[in-house]
$ cat query.pdb   # PDB, C-alpha atoms, pLDDT in the B column
ATOM      1  CA  MET A 144    -110.811 192.694 111.097  1.00 86.00           C
ATOM      2  CA  PHE A 145    -112.236 189.249 111.898  1.00 90.00           C
ATOM      3  CA  SER A 146    -110.542 189.261 115.293  1.00 94.00           C
ATOM      4  CA  LYS A 147    -112.129 192.630 116.142  1.00 95.00           C
ATOM      5  CA  VAL A 148    -115.576 191.336 115.152  1.00 96.00           C
ATOM      6  CA  LYS A 149    -115.026 188.165 117.168  1.00 96.00           C
ATOM      7  CA  GLU A 150    -113.971 190.024 120.322  1.00 95.00           C
ATOM      8  CA  LYS A 151    -116.836 192.535 120.014  1.00 97.00           C
ATOM      9  CA  VAL A 152    -119.409 189.734 119.660  1.00 97.00           C
ATOM     10  CA  LYS A 153    -118.010 187.738 122.588  1.00 96.00           C
ATOM     11  CA  LYS A 154    -117.901 190.793 124.855  1.00 95.00           C
ATOM     12  CA  PHE A 155    -121.447 191.819 123.900  1.00 96.00           C
ATOM     13  CA  LEU A 156    -122.967 188.378 124.554  1.00 95.00           C
ATOM     14  CA  LYS A 157    -121.148 187.934 127.869  1.00 94.00           C
ATOM     15  CA  GLU A 158    -122.534 191.267 129.075  1.00 94.00           C
ATOM     16  CA  ALA A 159    -126.023 191.019 127.559  1.00 94.00           C
ATOM     17  CA  LEU A 160    -126.675 187.437 128.658  1.00 91.00           C
ATOM     18  CA  GLU A 161    -124.610 187.550 131.859  1.00 88.00           C
ATOM     19  CA  VAL A 162    -122.905 184.365 130.698  1.00 85.00           C
ATOM     20  CA  GLU A 163    -120.946 182.320 133.222  1.00 78.00           C
ATOM     21  CA  GLY A 164    -119.829 179.827 130.578  1.00 79.00           C
ATOM     22  CA  GLU A 165    -118.068 180.039 127.244  1.00 90.00           C
ATOM     23  CA  VAL A 166    -118.925 182.127 124.168  1.00 95.00           C
ATOM     24  CA  LYS A 167    -117.584 180.556 120.978  1.00 96.00           C
ATOM     25  CA  VAL A 168    -117.815 182.285 117.584  1.00 97.00           C
ATOM     26  CA  ILE A 169    -118.640 179.673 114.943  1.00 96.00           C
ATOM     27  CA  THR A 170    -118.855 181.800 111.791  1.00 96.00           C
ATOM     28  CA  ILE A 171    -118.299 185.407 110.734  1.00 97.00           C
ATOM     29  CA  GLU A 172    -119.610 186.716 107.414  1.00 97.00           C
ATOM     30  CA  LYS A 173    -119.395 190.112 105.758  1.00 96.00           C
ATOM     31  CA  ASP A 174    -122.906 191.463 105.073  1.00 93.00           C
ATOM     32  CA  GLY A 175    -122.840 194.612 102.966  1.00 93.00           C
ATOM     33  CA  ASP A 176    -121.189 197.204 105.214  1.00 93.00           C
ATOM     34  CA  GLY A 177    -121.721 195.109 108.342  1.00 96.00           C
ATOM     35  CA  TRP A 178    -121.083 191.660 109.762  1.00 97.00           C
ATOM     36  CA  ILE A 179    -123.069 188.597 110.837  1.00 97.00           C
ATOM     37  CA  ALA A 180    -121.650 186.225 113.445  1.00 97.00           C
ATOM     38  CA  GLU A 181    -123.076 182.880 114.558  1.00 97.00           C
ATOM     39  CA  THR A 182    -122.126 181.818 118.062  1.00 96.00           C
ATOM     40  CA  GLU A 183    -122.412 178.956 120.520  1.00 96.00           C
ATOM     41  CA  VAL A 184    -122.991 180.093 124.098  1.00 94.00           C
ATOM     42  CA  THR A 185    -122.735 177.876 127.157  1.00 90.00           C
ATOM     43  CA  GLU A 186    -125.371 179.125 129.608  1.00 84.00           C
ATOM     44  CA  ARG A 187    -126.453 177.959 133.017  1.00 78.00           C
ATOM     45  CA  SER A 188    -129.703 175.974 132.867  1.00 79.00           C
ATOM     46  CA  GLN A 189    -132.376 178.371 134.128  1.00 74.00           C
ATOM     47  CA  TYR A 190    -134.867 175.551 134.595  1.00 77.00           C
ATOM     48  CA  LEU A 191    -132.634 173.564 136.935  1.00 74.00           C
ATOM     49  CA  ALA A 192    -131.550 176.733 138.737  1.00 71.00           C
ATOM     50  CA  THR A 193    -135.176 177.416 139.686  1.00 78.00           C
ATOM     51  CA  ILE A 194    -135.573 173.895 141.070  1.00 82.00           C
ATOM     52  CA  LYS A 195    -132.341 173.807 143.007  1.00 77.00           C
ATOM     53  CA  PRO A 196    -130.125 176.929 142.883  1.00 76.00           C
ATOM     54  CA  GLU A 197    -126.968 175.011 143.794  1.00 78.00           C
ATOM     55  CA  TYR A 198    -127.197 172.973 140.557  1.00 73.00           C
ATOM     56  CA  ARG A 199    -124.610 174.171 138.066  1.00 76.00           C
ATOM     57  CA  VAL A 200    -125.765 172.492 134.881  1.00 79.00           C
ATOM     58  CA  PHE A 201    -124.992 174.242 131.607  1.00 83.00           C
ATOM     59  CA  GLU A 202    -126.694 174.128 128.190  1.00 86.00           C
ATOM     60  CA  LYS A 203    -125.472 175.231 124.787  1.00 90.00           C
ATOM     61  CA  HIS A 204    -127.510 177.773 122.830  1.00 92.00           C
ATOM     62  CA  PHE A 205    -126.888 179.359 119.446  1.00 96.00           C
ATOM     63  CA  TYR A 206    -127.117 183.086 118.713  1.00 96.00           C
ATOM     64  CA  VAL A 207    -126.843 185.228 115.590  1.00 97.00           C
ATOM     65  CA  VAL A 208    -125.366 188.684 116.124  1.00 97.00           C
ATOM     66  CA  LYS A 209    -125.439 191.462 113.510  1.00 97.00           C
ATOM     67  CA  LEU A 210    -122.981 194.354 113.617  1.00 97.00           C
ATOM     68  CA  ASP A 211    -122.899 197.524 111.548  1.00 96.00           C
ATOM     69  CA  SER A 212    -119.859 198.987 109.779  1.00 94.00           C
ATOM     70  CA  LYS A 213    -118.703 200.616 113.042  1.00 95.00           C
ATOM     71  CA  LEU A 214    -118.836 197.226 114.806  1.00 95.00           C
ATOM     72  CA  GLU A 215    -121.827 198.271 116.911  1.00 96.00           C
ATOM     73  CA  VAL A 216    -124.332 195.485 117.570  1.00 96.00           C
ATOM     74  CA  SER A 217    -127.528 196.210 115.657  1.00 96.00           C
ATOM     75  CA  SER A 218    -129.392 193.013 116.601  1.00 96.00           C
ATOM     76  CA  TYR A 219    -129.077 189.557 118.067  1.00 96.00           C
ATOM     77  CA  LYS A 220    -131.357 186.566 118.424  1.00 96.00           C
ATOM     78  CA  ARG A 221    -131.244 183.045 119.756  1.00 94.00           C
ATOM     79  CA  LYS A 222    -131.637 180.183 117.312  1.00 91.00           C
ATOM     80  CA  GLU A 223    -132.708 176.659 118.145  1.00 75.00           C
ATOM     81  CA  GLU A 224    -129.801 175.199 116.193  1.00 60.00           C
ATOM     82  CA  ILE A 225    -127.308 176.092 113.527  1.00 55.00           C
ATOM     83  CA  GLU A 226    -128.223 174.486 110.228  1.00 56.00           C
ATOM     84  CA  GLN A 227    -125.570 172.215 108.826  1.00 50.00           C
ATOM     85  CA  GLU A 228    -124.866 172.554 105.128  1.00 47.00           C
ATOM     86  CA  GLU A 229    -125.484 169.309 103.313  1.00 44.00           C
ATOM     87  CA  GLU A 230    -122.820 168.057 100.971  1.00 46.00           C
ATOM     88  CA  VAL A 231    -124.036 166.819  97.612  1.00 42.00           C
TER      89      VAL A 231
END
$ encode --input "query.pdb" --output "structure tokens"
Amino acid sequence: MFSKVKEKVKKFLKEALEVEGEVKVITIEKDGDGWIAETEVTERSQYLATIKPEYRVFEKHFYVVKLDSKLEVSSYKRKEEIEQEEEV
């Protein structure tokens, strides 16, 4: 099931964000009947593209994608960074 969730999330983000770079799934968690996936997406720098369109500089951004029990995306949002769990 994890591989289906992973492929669905990657396909969705590539289409929704029109990603030229890589989509990497970092975590997948079961959430009730659905799923939550955290991802790292390599996107072309929009700022540099407006200055000089031939620049092909990429930045990494993090997204959280929620899927329902039928593996349909119910929401997604960009995060500034993925929090690292501290070891005690």
$ resolve_selection --input "query.pdb" --expression "the PyMOL selection byres ((chain A and resi 177) around 12)" --output "PyMOL selection string"
chain A and resi 144-145+148+171-176+178-180+208-218
$ residues_around --input "query.pdb" --residues "Glu165 (chain A)" --least-positions-apart "6" --cutoff "12 Å" --atoms "all atoms listed in the file" --output "ChimeraX atom specification"
/A:153-154,156-157,182-187,201-205
$ resolve_selection --input "query.pdb" --expression "the PyMOL selection byres ((chain A and resi 200) around 12)" --output "list in words"
Glu163, Gly164, Thr185, Glu186, Arg187, Ser188, Gln189, Tyr190, Leu191, Ala192, Thr193, Ile194, Lys195, Pro196, Glu197, Tyr198, Arg199, Phe201, Glu202 and Lys203 of chain A
$ atom_distance --input "query.pdb" --atom1 "CA of Tyr219 (chain A)" --atom2 "CA of Lys147 (chain A)"
17.3 Å
$ atom_distance --input "query.pdb" --atom1 "CA of Glu181 (chain A)" --atom2 "CA of Lys149 (chain A)"
10.0 Å
$ atom_distance --input "query.pdb" --atom1 "CA of Val152 (chain A)" --atom2 "CA of Glu223 (chain A)"
18.7 Å
$ decode --input "query.pdb" --residues "chain A" --atoms "C-alpha atoms" --output "short mmCIF file (atom, residue, chain, number, x, y, z; two decimals), in the first residue's frame"
data_model
loop_
_atom_site.label_atom_id
_atom_site.label_comp_id
_atom_site.auth_asym_id
_atom_site.auth_seq_id
_atom_site.Cartn_x
_atom_site.Cartn_y
_atom_site.Cartn_z
CA MET A 144 0.00 0.00 0.00
CA PHE A 145 2.87 2.39 0.77
CA SER A 146 4.12 2.15 -2.81
CA LYS A 147 0.67 3.10 -4.14
CA VAL A 148 0.53 6.12 -1.81
CA LYS A 149 4.05 7.13 -2.81
CA GLU A 150 3.33 6.94 -6.55
CA LYS A 151 0.01 8.80 -6.19
CA VAL A 152 1.68 11.63 -4.23
CA LYS A 153 4.58 11.95 -6.68
CA LYS A 154 2.27 12.00 -9.70
CA PHE A 155 -0.03 14.57 -8.09
CA LEU A 156 2.77 16.99 -7.16
CA LYS A 157 4.47 16.71 -10.56
CA GLU A 158 1.19 17.63 -12.26
CA ALA A 159 -0.04 20.24 -9.77
CA LEU A 160 3.27 22.08 -9.46
CA GLU A 161 4.51 21.41 -13.00
CA VAL A 162 7.76 20.19 -11.48
CA GLU A 163 10.81 19.87 -13.71
CA GLY A 164 12.93 18.45 -10.89
CA GLU A 165 12.62 15.57 -8.48
CA VAL A 166 9.78 14.68 -6.09
CA LYS A 167 11.01 12.64 -3.13
CA VAL A 168 8.64 11.16 -0.53
CA ILE A 169 10.23 11.51 2.91
CA THR A 170 7.54 10.02 5.16
CA ILE A 171 4.18 8.27 4.83
CA GLU A 172 1.86 7.89 7.81
CA LYS A 173 -1.54 6.27 8.19
CA ASP A 174 -4.08 8.84 9.44
CA GLY A 175 -7.40 7.25 10.35
CA ASP A 176 -8.78 6.02 7.03
CA GLY A 177 -6.38 8.17 5.01
CA TRP A 178 -2.69 8.94 4.61
CA ILE A 179 -0.30 11.84 5.18
CA ALA A 180 2.89 12.11 3.13
CA GLU A 181 5.74 14.59 3.59
CA THR A 182 7.75 15.31 0.47
CA GLU A 183 10.81 17.17 -0.77
CA VAL A 184 10.31 18.77 -4.18
CA THR A 185 13.07 20.22 -6.33
CA GLU A 186 11.56 23.22 -8.14
CA ARG A 187 12.98 25.75 -10.53
CA SER A 188 13.72 29.07 -8.80
CA GLN A 189 10.89 31.38 -9.88
CA TYR A 190 12.77 34.44 -8.68
CA LEU A 191 15.82 33.79 -10.85
CA ALA A 192 13.63 32.76 -13.78
CA THR A 193 12.00 36.21 -13.76
CA ILE A 194 15.40 37.91 -13.80
CA LYS A 195 16.95 35.77 -16.49
CA PRO A 196 14.77 33.01 -18.01
CA GLU A 197 17.76 30.97 -19.19
CA TYR A 198 18.90 30.43 -15.57
CA ARG A 199 18.13 26.89 -14.46
CA VAL A 200 18.63 27.11 -10.72
CA PHE A 201 16.60 24.77 -8.54
CA GLU A 202 15.44 25.03 -4.91
CA LYS A 203 14.12 22.39 -2.55
CA HIS A 204 10.70 22.88 -0.96
CA PHE A 205 8.74 20.68 1.42
CA TYR A 206 5.08 19.73 0.99
CA VAL A 207 2.55 17.81 3.06
CA VAL A 208 -0.04 15.88 1.07
CA LYS A 209 -3.17 14.30 2.59
CA LEU A 210 -5.00 11.47 0.86
CA ASP A 211 -8.33 9.87 1.72
CA SER A 212 -9.04 6.13 1.96
CA LYS A 213 -9.49 5.95 -1.84
CA LEU A 214 -6.04 7.53 -2.34
CA GLU A 215 -7.55 10.76 -3.67
CA VAL A 216 -5.67 13.90 -2.65
CA SER A 217 -7.78 15.87 -0.19
CA SER A 218 -5.25 18.65 0.51
CA TYR A 219 -1.66 19.73 0.16
CA LYS A 220 0.42 22.61 1.45
CA ARG A 221 3.98 23.83 1.30
CA LYS A 222 5.98 23.93 4.51
CA GLU A 223 9.05 26.03 5.17
CA GLU A 224 10.95 23.03 6.51
CA ILE A 225 10.39 19.58 7.89
CA GLU A 226 10.89 19.53 11.64
CA GLN A 227 13.56 17.15 12.81
CA GLU A 228 12.71 15.05 15.83
CA GLU A 229 15.13 15.67 18.66
CA GLU A 230 16.67 12.69 20.36
CA VAL A 231 16.72 12.80 24.14
#
